[in-house]
Amino acid sequence: MTSLRLPFCYICAGMEKEKIILGIESSCDDTSAAVLRGQYLLSNVMASQKVHEQYGGVIPELASRAHQQNIVPVVSEAIRQAGVKKEDIDAIAFTRGPGLLGSLLVGTSFAKGLSMSLCKPMIEVNHLQGHVLSHFIKVEGRENRHPEFPFLCLLVSGGHTQIVKVNDYLDFEVLGHTIDDAVGEAFDKCAKIMGLGYPGGPVVDRLAHEGDPEAFHFSKPHVDGLDYSFSGIKTSLLYFLRDRVKSDPAFIEHNKEDLCASFQKELIDILMDKFLKAVRQTGIKQVAIGGGVSANSGLRERITTEGEKRGWTTFLPEFRFTTDNAAMIAMVGYFKFQKGMIASLDIAPISRALDYSLKSI
């Protein structure tokens, strides 16, 4: 058994003060720790790993080693910046999955050790749920808008592409998902084929601003329902460039802005076609985006424009909450702690999305 519910008396004890939640995120190549008091952010510290850039992608063994080096100073700095003592922490939320197994093991093991040393409960968090609930993180001194239930969230990242109906903080329904590759992977593949470096998404986005989105066209998938597919359009780009480079070796260099603009537009069209269909089918006009690709300027502009035309109330996450960050993990931890959903010490990470999808929450 990996999840326990606390007795009612424990939950109610000390309700006169907002609970302090420490969040730990280590699902991929960023080590992050954050502290929330209630829903308000006190700190959010992150250590990135530059070592993967030379390989054009994340190397799992190198990622887990870097997490081991980073996790102690990152957690310590998050607690220091929050202005609290580690003894003040009421619960420790950590990413259980999905993600790279070695990276998840570092975060899970650290959370267990800290839980035992401080005698504080642990809360397991689904990384994907964190991206969705990042909209509920509050920051002092600003307007804190958030979606009303139910709302639709387009969850887009390097590993996942889903349309999620959010009925409550802990009640999710996946309406559609990718049947093969994620949209973030398509962005990175485009950059890799063109020799633009890693991570590729931000580079493609930047170059797309300078190009013509109608210059080139690529084959789009035909998938029933609300599911996505991005493997075909990656292959279409690959073959297109292969054929053009044969006759003009400098084709990519001379057309990189137009290529990025065209490919990005095609990806956003695919995303929005299904999302528009989901809005029509559900009638829900509270909409949001989340995940790493939600930082893409083209997608943010497109969903905002569609929302204005169609009367949606649209929510875009802050850029700092689009990447893998511990603030969103602590946010989920806060809502789970309110329900007494505490993890036991025998819990193990789950790396595969199929075993730990939003449907399993």
# chains A, B, ... in the order shown; residues from 1 in each chain; ligands from 1
$ select_by_dssp --residues "segment 44-179 of chain A" --states "strand (DSSP E or B)" --output "CSV table (one decimal) with N, CA and C atoms, in the first residue's frame"
chain,number,residue,atom,x,y,z
A,44,ASN,N,11.3,29.1,-4.8
A,44,ASN,CA,11.3,28.1,-5.9
A,44,ASN,C,12.7,28.1,-6.5
A,45,VAL,N,13.5,27.1,-6.2
A,45,VAL,CA,14.9,27.1,-6.6
A,45,VAL,C,15.1,25.9,-7.6
A,46,MET,N,16.0,26.2,-8.6
A,46,MET,CA,16.2,25.2,-9.6
A,46,MET,C,17.7,25.1,-10.0
A,47,ALA,N,18.2,23.9,-10.3
A,47,ALA,CA,19.5,23.7,-10.8
A,47,ALA,C,19.4,22.9,-12.1
A,91,ALA,N,4.8,19.0,5.6
A,91,ALA,CA,4.8,17.8,4.7
A,91,ALA,C,5.8,18.0,3.6
A,92,ILE,N,6.2,16.9,3.0
A,92,ILE,CA,7.2,16.9,1.9
A,92,ILE,C,6.6,16.2,0.7
A,93,ALA,N,6.3,17.0,-0.3
A,93,ALA,CA,5.8,16.5,-1.5
A,93,ALA,C,6.9,16.2,-2.5
A,94,PHE,N,6.8,15.1,-3.2
A,94,PHE,CA,7.9,14.7,-4.2
A,94,PHE,C,7.3,14.1,-5.4
A,95,THR,N,8.0,14.3,-6.5
A,95,THR,CA,7.5,13.7,-7.8
A,95,THR,C,7.8,12.2,-7.8
A,96,ARG,N,6.7,11.4,-7.9
A,96,ARG,CA,6.8,10.0,-8.0
A,96,ARG,C,7.0,9.5,-9.4
A,97,GLY,N,6.5,10.3,-10.3
A,97,GLY,CA,6.5,9.9,-11.7
A,97,GLY,C,5.5,10.7,-12.5
A,122,MET,N,5.1,12.3,4.0
A,122,MET,CA,5.4,12.5,2.6
A,122,MET,C,4.1,12.4,1.8
A,123,ILE,N,4.2,13.1,0.6
A,123,ILE,CA,3.0,13.1,-0.3
A,123,ILE,C,3.6,12.8,-1.7
A,124,GLU,N,3.1,11.8,-2.3
A,124,GLU,CA,3.5,11.5,-3.7
A,124,GLU,C,2.7,12.3,-4.7
A,125,VAL,N,3.4,12.8,-5.7
A,125,VAL,CA,2.8,13.7,-6.7
A,125,VAL,C,3.0,13.2,-8.1
A,126,ASN,N,2.0,13.2,-8.9
A,126,ASN,CA,2.1,12.9,-10.3
A,126,ASN,C,2.6,14.2,-11.0
A,138,LYS,N,-0.1,30.8,-5.9
A,138,LYS,CA,-0.3,32.2,-5.6
A,138,LYS,C,1.0,32.9,-5.3
A,151,PHE,N,-12.6,22.9,-16.0
A,151,PHE,CA,-11.9,23.5,-17.1
A,151,PHE,C,-11.2,22.5,-17.9
A,152,LEU,N,-10.8,22.9,-19.1
A,152,LEU,CA,-10.0,22.1,-20.0
A,152,LEU,C,-8.6,22.5,-20.0
A,153,CYS,N,-7.7,21.6,-19.9
A,153,CYS,CA,-6.2,22.0,-20.0
A,153,CYS,C,-5.6,21.2,-21.1
A,154,LEU,N,-4.9,22.0,-22.0
A,154,LEU,CA,-4.0,21.4,-23.0
A,154,LEU,C,-2.6,21.2,-22.4
A,155,LEU,N,-2.3,19.9,-22.1
A,155,LEU,CA,-1.1,19.6,-21.4
A,155,LEU,C,0.0,19.2,-22.4
A,156,VAL,N,1.0,20.0,-22.6
A,156,VAL,CA,2.0,19.8,-23.7
A,156,VAL,C,3.4,19.9,-23.2
A,161,THR,N,1.4,14.8,-24.3
A,161,THR,CA,0.5,15.7,-25.0
A,161,THR,C,-0.9,15.1,-24.7
A,162,GLN,N,-1.7,15.9,-23.9
A,162,GLN,CA,-3.0,15.4,-23.5
A,162,GLN,C,-4.0,16.6,-23.4
A,163,ILE,N,-5.3,16.3,-23.6
A,163,ILE,CA,-6.3,17.2,-23.3
A,163,ILE,C,-7.0,16.6,-22.1
A,164,VAL,N,-7.0,17.4,-21.0
A,164,VAL,CA,-7.5,17.0,-19.7
A,164,VAL,C,-8.7,17.8,-19.3
A,165,LYS,N,-9.7,17.2,-18.9
A,165,LYS,CA,-10.9,17.8,-18.2
A,165,LYS,C,-10.6,17.8,-16.7
A,166,VAL,N,-10.6,18.9,-16.1
A,166,VAL,CA,-10.3,19.1,-14.7
A,166,VAL,C,-11.6,19.4,-13.9
A,167,ASN,N,-12.1,18.4,-13.2
A,167,ASN,CA,-13.4,18.6,-12.5
A,167,ASN,C,-13.2,19.2,-11.1
A,168,ASP,N,-12.0,18.9,-10.5
A,168,ASP,CA,-11.7,19.5,-9.2
A,168,ASP,C,-10.2,19.3,-9.0
A,171,ASP,N,-9.5,15.7,-9.3
A,171,ASP,CA,-10.4,14.9,-10.2
A,171,ASP,C,-10.1,15.2,-11.6
A,172,PHE,N,-9.4,14.4,-12.3
A,172,PHE,CA,-9.0,14.6,-13.7
A,172,PHE,C,-9.6,13.5,-14.6
A,173,GLU,N,-9.9,14.0,-15.8
A,173,GLU,CA,-10.3,13.0,-16.9
A,173,GLU,C,-9.6,13.3,-18.2
A,174,VAL,N,-8.8,12.4,-18.6
A,174,VAL,CA,-8.1,12.5,-19.9
A,174,VAL,C,-9.0,12.3,-21.1
A,175,LEU,N,-9.2,13.3,-21.9
A,175,LEU,CA,-10.1,13.2,-23.0
A,175,LEU,C,-9.4,12.7,-24.3
A,176,GLY,N,-8.1,13.1,-24.4
A,176,GLY,CA,-7.3,12.7,-25.5
A,176,GLY,C,-5.9,12.8,-25.2
A,177,HIS,N,-5.1,11.9,-25.9
A,177,HIS,CA,-3.6,11.9,-25.6
A,177,HIS,C,-2.9,11.5,-26.9
A,178,THR,N,-1.6,11.7,-26.9
A,178,THR,CA,-0.8,11.3,-28.1
A,178,THR,C,-0.7,9.7,-28.1
$ select_by_dssp --residues "segment 44-133 of chain A" --states "alpha helix (DSSP H)" --output "PyMOL selection string"
chain A and resi 60-82+101-118+127-133
$ write_last_selection --atoms "N, CA and C atoms" --output "compact mmCIF listing (two decimals), in the first residue's frame"
# COMPACT_ATOMS: atom_id res chain seq x y z
N PRO A 60 20.21 9.67 -19.31
CA PRO A 60 19.66 9.33 -18.00
C PRO A 60 20.69 9.15 -16.89
N GLU A 61 21.79 8.44 -17.16
CA GLU A 61 22.78 8.19 -16.12
C GLU A 61 23.43 9.50 -15.66
N LEU A 62 23.74 10.37 -16.61
CA LEU A 62 24.32 11.66 -16.25
C LEU A 62 23.32 12.52 -15.47
N ALA A 63 22.06 12.41 -15.83
CA ALA A 63 21.03 13.18 -15.14
C ALA A 63 20.92 12.76 -13.68
N SER A 64 20.89 11.46 -13.42
CA SER A 64 20.76 11.00 -12.04
C SER A 64 21.97 11.37 -11.20
N ARG A 65 23.16 11.32 -11.79
CA ARG A 65 24.36 11.73 -11.06
C ARG A 65 24.30 13.21 -10.68
N ALA A 66 23.85 14.03 -11.63
CA ALA A 66 23.76 15.47 -11.35
C ALA A 66 22.72 15.75 -10.27
N HIS A 67 21.61 15.01 -10.27
CA HIS A 67 20.61 15.18 -9.21
C HIS A 67 21.22 14.89 -7.84
N GLN A 68 22.04 13.87 -7.76
CA GLN A 68 22.68 13.54 -6.48
C GLN A 68 23.57 14.68 -5.99
N GLN A 69 24.23 15.35 -6.92
CA GLN A 69 25.09 16.47 -6.56
C GLN A 69 24.27 17.71 -6.17
N ASN A 70 23.13 17.88 -6.81
CA ASN A 70 22.38 19.13 -6.66
C ASN A 70 21.34 19.14 -5.56
N ILE A 71 20.80 17.98 -5.21
CA ILE A 71 19.57 17.99 -4.42
C ILE A 71 19.74 18.57 -3.01
N VAL A 72 20.86 18.29 -2.36
CA VAL A 72 21.05 18.84 -1.01
C VAL A 72 21.16 20.37 -1.03
N PRO A 73 22.06 20.94 -1.85
CA PRO A 73 22.12 22.41 -1.86
C PRO A 73 20.85 23.08 -2.37
N VAL A 74 20.14 22.46 -3.31
CA VAL A 74 18.91 23.06 -3.83
C VAL A 74 17.83 23.10 -2.76
N VAL A 75 17.63 22.00 -2.05
CA VAL A 75 16.63 21.96 -0.98
C VAL A 75 17.00 22.93 0.13
N SER A 76 18.26 22.95 0.50
CA SER A 76 18.71 23.85 1.56
C SER A 76 18.47 25.31 1.19
N GLU A 77 18.75 25.65 -0.07
CA GLU A 77 18.56 27.03 -0.52
C GLU A 77 17.08 27.40 -0.58
N ALA A 78 16.24 26.47 -0.97
CA ALA A 78 14.80 26.74 -1.01
C ALA A 78 14.26 27.03 0.38
N ILE A 79 14.69 26.26 1.35
CA ILE A 79 14.26 26.49 2.74
C ILE A 79 14.78 27.83 3.25
N ARG A 80 16.04 28.14 2.91
CA ARG A 80 16.63 29.41 3.36
C ARG A 80 15.88 30.59 2.75
N GLN A 81 15.63 30.54 1.44
CA GLN A 81 14.94 31.65 0.77
C GLN A 81 13.51 31.81 1.28
N ALA A 82 12.89 30.72 1.69
CA ALA A 82 11.52 30.79 2.20
C ALA A 82 11.44 31.45 3.57
N LEU A 101 13.76 6.97 -14.46
CA LEU A 101 13.76 6.20 -13.22
C LEU A 101 14.90 6.61 -12.28
N GLY A 102 16.12 6.73 -12.82
CA GLY A 102 17.24 7.12 -11.97
C GLY A 102 17.04 8.48 -11.33
N SER A 103 16.53 9.42 -12.08
CA SER A 103 16.29 10.76 -11.56
C SER A 103 15.20 10.73 -10.48
N LEU A 104 14.13 9.99 -10.74
CA LEU A 104 13.05 9.87 -9.76
C LEU A 104 13.52 9.21 -8.47
N LEU A 105 14.41 8.24 -8.59
CA LEU A 105 14.93 7.55 -7.41
C LEU A 105 15.67 8.51 -6.48
N VAL A 106 16.40 9.46 -7.06
CA VAL A 106 17.15 10.42 -6.23
C VAL A 106 16.16 11.26 -5.41
N GLY A 107 15.14 11.80 -6.08
CA GLY A 107 14.18 12.63 -5.37
C GLY A 107 13.37 11.86 -4.36
N THR A 108 12.94 10.65 -4.74
CA THR A 108 12.15 9.83 -3.82
C THR A 108 12.96 9.43 -2.59
N SER A 109 14.20 9.02 -2.81
CA SER A 109 15.05 8.60 -1.70
C SER A 109 15.34 9.77 -0.77
N PHE A 110 15.60 10.93 -1.34
CA PHE A 110 15.86 12.10 -0.49
C PHE A 110 14.62 12.46 0.33
N ALA A 111 13.44 12.41 -0.31
CA ALA A 111 12.21 12.72 0.41
C ALA A 111 11.99 11.75 1.57
N LYS A 112 12.28 10.48 1.34
CA LYS A 112 12.13 9.49 2.41
C LYS A 112 13.08 9.80 3.57
N GLY A 113 14.34 10.09 3.25
CA GLY A 113 15.30 10.38 4.30
C GLY A 113 14.93 11.61 5.10
N LEU A 114 14.50 12.66 4.40
CA LEU A 114 14.11 13.88 5.10
C LEU A 114 12.85 13.65 5.93
N SER A 115 11.91 12.87 5.39
CA SER A 115 10.69 12.55 6.12
C SER A 115 10.99 11.83 7.44
N MET A 116 11.90 10.86 7.39
CA MET A 116 12.24 10.12 8.60
C MET A 116 13.00 10.98 9.59
N SER A 117 13.91 11.82 9.10
CA SER A 117 14.72 12.63 10.01
C SER A 117 13.90 13.72 10.70
N LEU A 118 12.89 14.25 10.00
CA LEU A 118 12.08 15.32 10.58
C LEU A 118 10.76 14.82 11.17
N HIS A 127 3.68 14.09 -11.71
CA HIS A 127 4.29 15.24 -12.37
C HIS A 127 3.32 15.96 -13.31
N LEU A 128 2.50 15.20 -14.01
CA LEU A 128 1.56 15.79 -14.96
C LEU A 128 0.50 16.60 -14.24
N GLN A 129 0.05 16.10 -13.11
CA GLN A 129 -0.93 16.83 -12.31
C GLN A 129 -0.35 18.15 -11.84
N GLY A 130 0.95 18.15 -11.57
CA GLY A 130 1.61 19.38 -11.16
C GLY A 130 1.53 20.46 -12.22
N HIS A 131 1.75 20.08 -13.49
CA HIS A 131 1.67 21.05 -14.57
C HIS A 131 0.27 21.67 -14.65
N VAL A 132 -0.75 20.86 -14.48
CA VAL A 132 -2.12 21.36 -14.57
C VAL A 132 -2.42 22.31 -13.41
N LEU A 133 -2.04 21.93 -12.20
CA LEU A 133 -2.38 22.71 -11.02
C LEU A 133 -1.42 23.87 -10.77
$ atom_distance --atom1 "atom CA of Leu316 of chain A" --atom2 "atom CA of Leu271 of chain A"
15.6 Å
$ residues_around --residues "segment 265-270 of chain A" --least-positions-apart "2" --cutoff "9 Å" --atoms "only C-alpha atoms" --output "PDB file with C-alpha atoms, in the first residue's frame"
ATOM      1  CA  VAL A 183       4.635  17.639 -29.382  1.00  0.00           C
ATOM      2  CA  ALA A 186       8.595  17.013 -32.382  1.00  0.00           C
ATOM      3  CA  PHE A 187      10.011  20.478 -31.659  1.00  0.00           C
ATOM      4  CA  ALA A 208       9.921  31.190 -36.164  1.00  0.00           C
ATOM      5  CA  PRO A 213       4.691  30.245 -41.527  1.00  0.00           C
ATOM      6  CA  GLU A 214       3.160  29.571 -44.948  1.00  0.00           C
ATOM      7  CA  HIS A 217       3.790  22.495 -45.571  1.00  0.00           C
ATOM      8  CA  PHE A 218       4.131  19.022 -44.065  1.00  0.00           C
ATOM      9  CA  SER A 219       1.902  15.976 -43.832  1.00  0.00           C
ATOM     10  CA  LYS A 220      -0.575  16.145 -40.958  1.00  0.00           C
ATOM     11  CA  PRO A 221      -1.856  13.062 -39.124  1.00  0.00           C
ATOM     12  CA  TYR A 228      -2.893  13.135 -31.198  1.00  0.00           C
ATOM     13  CA  SER A 229      -0.020  11.796 -33.272  1.00  0.00           C
ATOM     14  CA  PHE A 230       3.259  13.536 -34.056  1.00  0.00           C
ATOM     15  CA  ILE A 233       4.929  14.969 -39.199  1.00  0.00           C
ATOM     16  CA  CYS A 260      10.924  26.794 -38.179  1.00  0.00           C
ATOM     17  CA  ALA A 261       7.943  29.089 -38.699  1.00  0.00           C
ATOM     18  CA  SER A 262       6.195  26.587 -40.996  1.00  0.00           C
ATOM     19  CA  PHE A 263       6.849  23.535 -38.828  1.00  0.00           C
ATOM     20  CA  MET A 272      -5.579  23.455 -31.675  1.00  0.00           C
ATOM     21  CA  ASP A 273      -7.718  21.436 -34.094  1.00  0.00           C
ATOM     22  CA  LYS A 274      -8.291  18.759 -31.448  1.00  0.00           C
ATOM     23  CA  PHE A 275      -8.538  21.248 -28.588  1.00  0.00           C
ATOM     24  CA  GLY A 298       3.120  30.815 -31.030  1.00  0.00           C
ATOM     25  CA  LEU A 299       0.900  28.519 -28.988  1.00  0.00           C
ATOM     26  CA  ARG A 302      -2.945  31.186 -30.854  1.00  0.00           C
TER      27      ARG A 302
END
$ atom_distance --atom1 "atom CA of Gly83 of chain A" --atom2 "atom CA of Ser48 of chain A"
23.2 Å
$ residues_around --residues "Cys190 of chain A" --least-positions-apart "6" --cutoff "9 Å" --atoms "only C-alpha atoms" --output "MDAnalysis selection string"
chainID A and resid 196 200:201 204 234 237:238 260 263
$ residues_around --residues "Pro317 of chain A" --least-positions-apart "6" --cutoff "9 Å" --atoms "only C-alpha atoms" --output "PyMOL selection string"
chain A and resi 134-135+288-291+294-295
$ write_last_selection --atoms "C-alpha atoms" --output "PDB file, in the first residue's frame"
ATOM      1  CA  SER A 134       0.452  25.202 -11.502  1.00  0.00           C
ATOM      2  CA  HIS A 135      -2.325  27.683 -12.313  1.00  0.00           C
ATOM      3  CA  ALA A 288      -5.749  26.563 -19.838  1.00  0.00           C
ATOM      4  CA  ILE A 289      -2.418  25.253 -21.083  1.00  0.00           C
ATOM      5  CA  GLY A 290       0.414  23.691 -19.109  1.00  0.00           C
ATOM      6  CA  GLY A 291       3.754  21.931 -19.516  1.00  0.00           C
ATOM      7  CA  SER A 294       3.103  26.082 -22.989  1.00  0.00           C
ATOM      8  CA  ALA A 295       6.035  28.538 -23.013  1.00  0.00           C
TER       9      ALA A 295
END
$ decode --residues "segment 65-98 of chain A" --atoms "N, CA and C atoms" --output "PDB file, in the first residue's frame"
ATOM      1  N   ARG A  65      23.159  11.318 -11.792  1.00  0.00           N
ATOM      2  CA  ARG A  65      24.360  11.727 -11.058  1.00  0.00           C
ATOM      3  C   ARG A  65      24.301  13.206 -10.684  1.00  0.00           C
ATOM      4  N   ALA A  66      23.849  14.033 -11.627  1.00  0.00           N
ATOM      5  CA  ALA A  66      23.755  15.466 -11.353  1.00  0.00           C
ATOM      6  C   ALA A  66      22.716  15.752 -10.268  1.00  0.00           C
ATOM      7  N   HIS A  67      21.608  15.007 -10.268  1.00  0.00           N
ATOM      8  CA  HIS A  67      20.612  15.178  -9.210  1.00  0.00           C
ATOM      9  C   HIS A  67      21.222  14.890  -7.836  1.00  0.00           C
ATOM     10  N   GLN A  68      22.044  13.867  -7.758  1.00  0.00           N
ATOM     11  CA  GLN A  68      22.682  13.538  -6.477  1.00  0.00           C
ATOM     12  C   GLN A  68      23.569  14.681  -5.991  1.00  0.00           C
ATOM     13  N   GLN A  69      24.232  15.349  -6.922  1.00  0.00           N
ATOM     14  CA  GLN A  69      25.088  16.472  -6.557  1.00  0.00           C
ATOM     15  C   GLN A  69      24.275  17.706  -6.167  1.00  0.00           C
ATOM     16  N   ASN A  70      23.129  17.879  -6.809  1.00  0.00           N
ATOM     17  CA  ASN A  70      22.383  19.131  -6.658  1.00  0.00           C
ATOM     18  C   ASN A  70      21.337  19.136  -5.561  1.00  0.00           C
ATOM     19  N   ILE A  71      20.800  17.976  -5.206  1.00  0.00           N
ATOM     20  CA  ILE A  71      19.566  17.986  -4.416  1.00  0.00           C
ATOM     21  C   ILE A  71      19.744  18.572  -3.013  1.00  0.00           C
ATOM     22  N   VAL A  72      20.860  18.294  -2.359  1.00  0.00           N
ATOM     23  CA  VAL A  72      21.052  18.843  -1.006  1.00  0.00           C
ATOM     24  C   VAL A  72      21.159  20.365  -1.035  1.00  0.00           C
ATOM     25  N   PRO A  73      22.059  20.945  -1.853  1.00  0.00           N
ATOM     26  CA  PRO A  73      22.121  22.411  -1.865  1.00  0.00           C
ATOM     27  C   PRO A  73      20.850  23.079  -2.365  1.00  0.00           C
ATOM     28  N   VAL A  74      20.142  22.456  -3.312  1.00  0.00           N
ATOM     29  CA  VAL A  74      18.914  23.058  -3.830  1.00  0.00           C
ATOM     30  C   VAL A  74      17.829  23.099  -2.759  1.00  0.00           C
ATOM     31  N   VAL A  75      17.634  21.999  -2.047  1.00  0.00           N
ATOM     32  CA  VAL A  75      16.628  21.964  -0.983  1.00  0.00           C
ATOM     33  C   VAL A  75      17.002  22.933   0.133  1.00  0.00           C
ATOM     34  N   SER A  76      18.258  22.946   0.501  1.00  0.00           N
ATOM     35  CA  SER A  76      18.710  23.853   1.562  1.00  0.00           C
ATOM     36  C   SER A  76      18.471  25.310   1.189  1.00  0.00           C
ATOM     37  N   GLU A  77      18.752  25.651  -0.066  1.00  0.00           N
ATOM     38  CA  GLU A  77      18.562  27.033  -0.520  1.00  0.00           C
ATOM     39  C   GLU A  77      17.083  27.399  -0.575  1.00  0.00           C
ATOM     40  N   ALA A  78      16.240  26.470  -0.966  1.00  0.00           N
ATOM     41  CA  ALA A  78      14.796  26.742  -1.012  1.00  0.00           C
ATOM     42  C   ALA A  78      14.257  27.035   0.385  1.00  0.00           C
ATOM     43  N   ILE A  79      14.693  26.262   1.353  1.00  0.00           N
ATOM     44  CA  ILE A  79      14.256  26.490   2.743  1.00  0.00           C
ATOM     45  C   ILE A  79      14.777  27.829   3.248  1.00  0.00           C
ATOM     46  N   ARG A  80      16.040  28.143   2.912  1.00  0.00           N
ATOM     47  CA  ARG A  80      16.626  29.414   3.361  1.00  0.00           C
ATOM     48  C   ARG A  80      15.880  30.595   2.746  1.00  0.00           C
ATOM     49  N   GLN A  81      15.632  30.542   1.436  1.00  0.00           N
ATOM     50  CA  GLN A  81      14.942  31.645   0.771  1.00  0.00           C
ATOM     51  C   GLN A  81      13.512  31.808   1.282  1.00  0.00           C
ATOM     52  N   ALA A  82      12.895  30.724   1.688  1.00  0.00           N
ATOM     53  CA  ALA A  82      11.524  30.786   2.196  1.00  0.00           C
ATOM     54  C   ALA A  82      11.443  31.447   3.567  1.00  0.00           C
ATOM     55  N   GLY A  83      12.575  31.543   4.248  1.00  0.00           N
ATOM     56  CA  GLY A  83      12.579  32.157   5.572  1.00  0.00           C
ATOM     57  C   GLY A  83      11.954  31.296   6.638  1.00  0.00           C
ATOM     58  N   VAL A  84      12.023  29.986   6.452  1.00  0.00           N
ATOM     59  CA  VAL A  84      11.495  29.053   7.444  1.00  0.00           C
ATOM     60  C   VAL A  84      12.611  28.105   7.885  1.00  0.00           C
ATOM     61  N   LYS A  85      12.358  27.360   8.932  1.00  0.00           N
ATOM     62  CA  LYS A  85      13.268  26.315   9.366  1.00  0.00           C
ATOM     63  C   LYS A  85      12.746  24.974   8.849  1.00  0.00           C
ATOM     64  N   LYS A  86      13.634  24.029   8.683  1.00  0.00           N
ATOM     65  CA  LYS A  86      13.168  22.736   8.169  1.00  0.00           C
ATOM     66  C   LYS A  86      12.180  22.084   9.116  1.00  0.00           C
ATOM     67  N   GLU A  87      12.283  22.413  10.410  1.00  0.00           N
ATOM     68  CA  GLU A  87      11.332  21.862  11.380  1.00  0.00           C
ATOM     69  C   GLU A  87       9.931  22.451  11.211  1.00  0.00           C
ATOM     70  N   ASP A  88       9.834  23.587  10.514  1.00  0.00           N
ATOM     71  CA  ASP A  88       8.526  24.217  10.289  1.00  0.00           C
ATOM     72  C   ASP A  88       7.722  23.524   9.193  1.00  0.00           C
ATOM     73  N   ILE A  89       8.392  22.711   8.398  1.00  0.00           N
ATOM     74  CA  ILE A  89       7.726  22.052   7.276  1.00  0.00           C
ATOM     75  C   ILE A  89       6.684  21.059   7.796  1.00  0.00           C
ATOM     76  N   ASP A  90       5.491  21.126   7.232  1.00  0.00           N
ATOM     77  CA  ASP A  90       4.415  20.224   7.651  1.00  0.00           C
ATOM     78  C   ASP A  90       4.368  18.946   6.824  1.00  0.00           C
ATOM     79  N   ALA A  91       4.801  19.005   5.560  1.00  0.00           N
ATOM     80  CA  ALA A  91       4.783  17.814   4.713  1.00  0.00           C
ATOM     81  C   ALA A  91       5.774  17.994   3.572  1.00  0.00           C
ATOM     82  N   ILE A  92       6.232  16.861   3.031  1.00  0.00           N
ATOM     83  CA  ILE A  92       7.215  16.852   1.949  1.00  0.00           C
ATOM     84  C   ILE A  92       6.566  16.208   0.731  1.00  0.00           C
ATOM     85  N   ALA A  93       6.339  17.013  -0.305  1.00  0.00           N
ATOM     86  CA  ALA A  93       5.759  16.508  -1.549  1.00  0.00           C
ATOM     87  C   ALA A  93       6.893  16.222  -2.532  1.00  0.00           C
ATOM     88  N   PHE A  94       6.816  15.108  -3.243  1.00  0.00           N
ATOM     89  CA  PHE A  94       7.880  14.744  -4.173  1.00  0.00           C
ATOM     90  C   PHE A  94       7.273  14.137  -5.434  1.00  0.00           C
ATOM     91  N   THR A  95       7.992  14.273  -6.533  1.00  0.00           N
ATOM     92  CA  THR A  95       7.541  13.692  -7.794  1.00  0.00           C
ATOM     93  C   THR A  95       7.784  12.197  -7.784  1.00  0.00           C
ATOM     94  N   ARG A  96       6.709  11.425  -7.881  1.00  0.00           N
ATOM     95  CA  ARG A  96       6.833   9.978  -7.956  1.00  0.00           C
ATOM     96  C   ARG A  96       6.992   9.512  -9.406  1.00  0.00           C
ATOM     97  N   GLY A  97       6.451  10.263 -10.332  1.00  0.00           N
ATOM     98  CA  GLY A  97       6.531   9.912 -11.735  1.00  0.00           C
ATOM     99  C   GLY A  97       5.516  10.704 -12.526  1.00  0.00           C
ATOM    100  N   PRO A  98       5.466  10.520 -13.824  1.00  0.00           N
ATOM    101  CA  PRO A  98       6.415   9.756 -14.633  1.00  0.00           C
ATOM    102  C   PRO A  98       7.700  10.542 -14.862  1.00  0.00           C
TER     103      PRO A  98
END
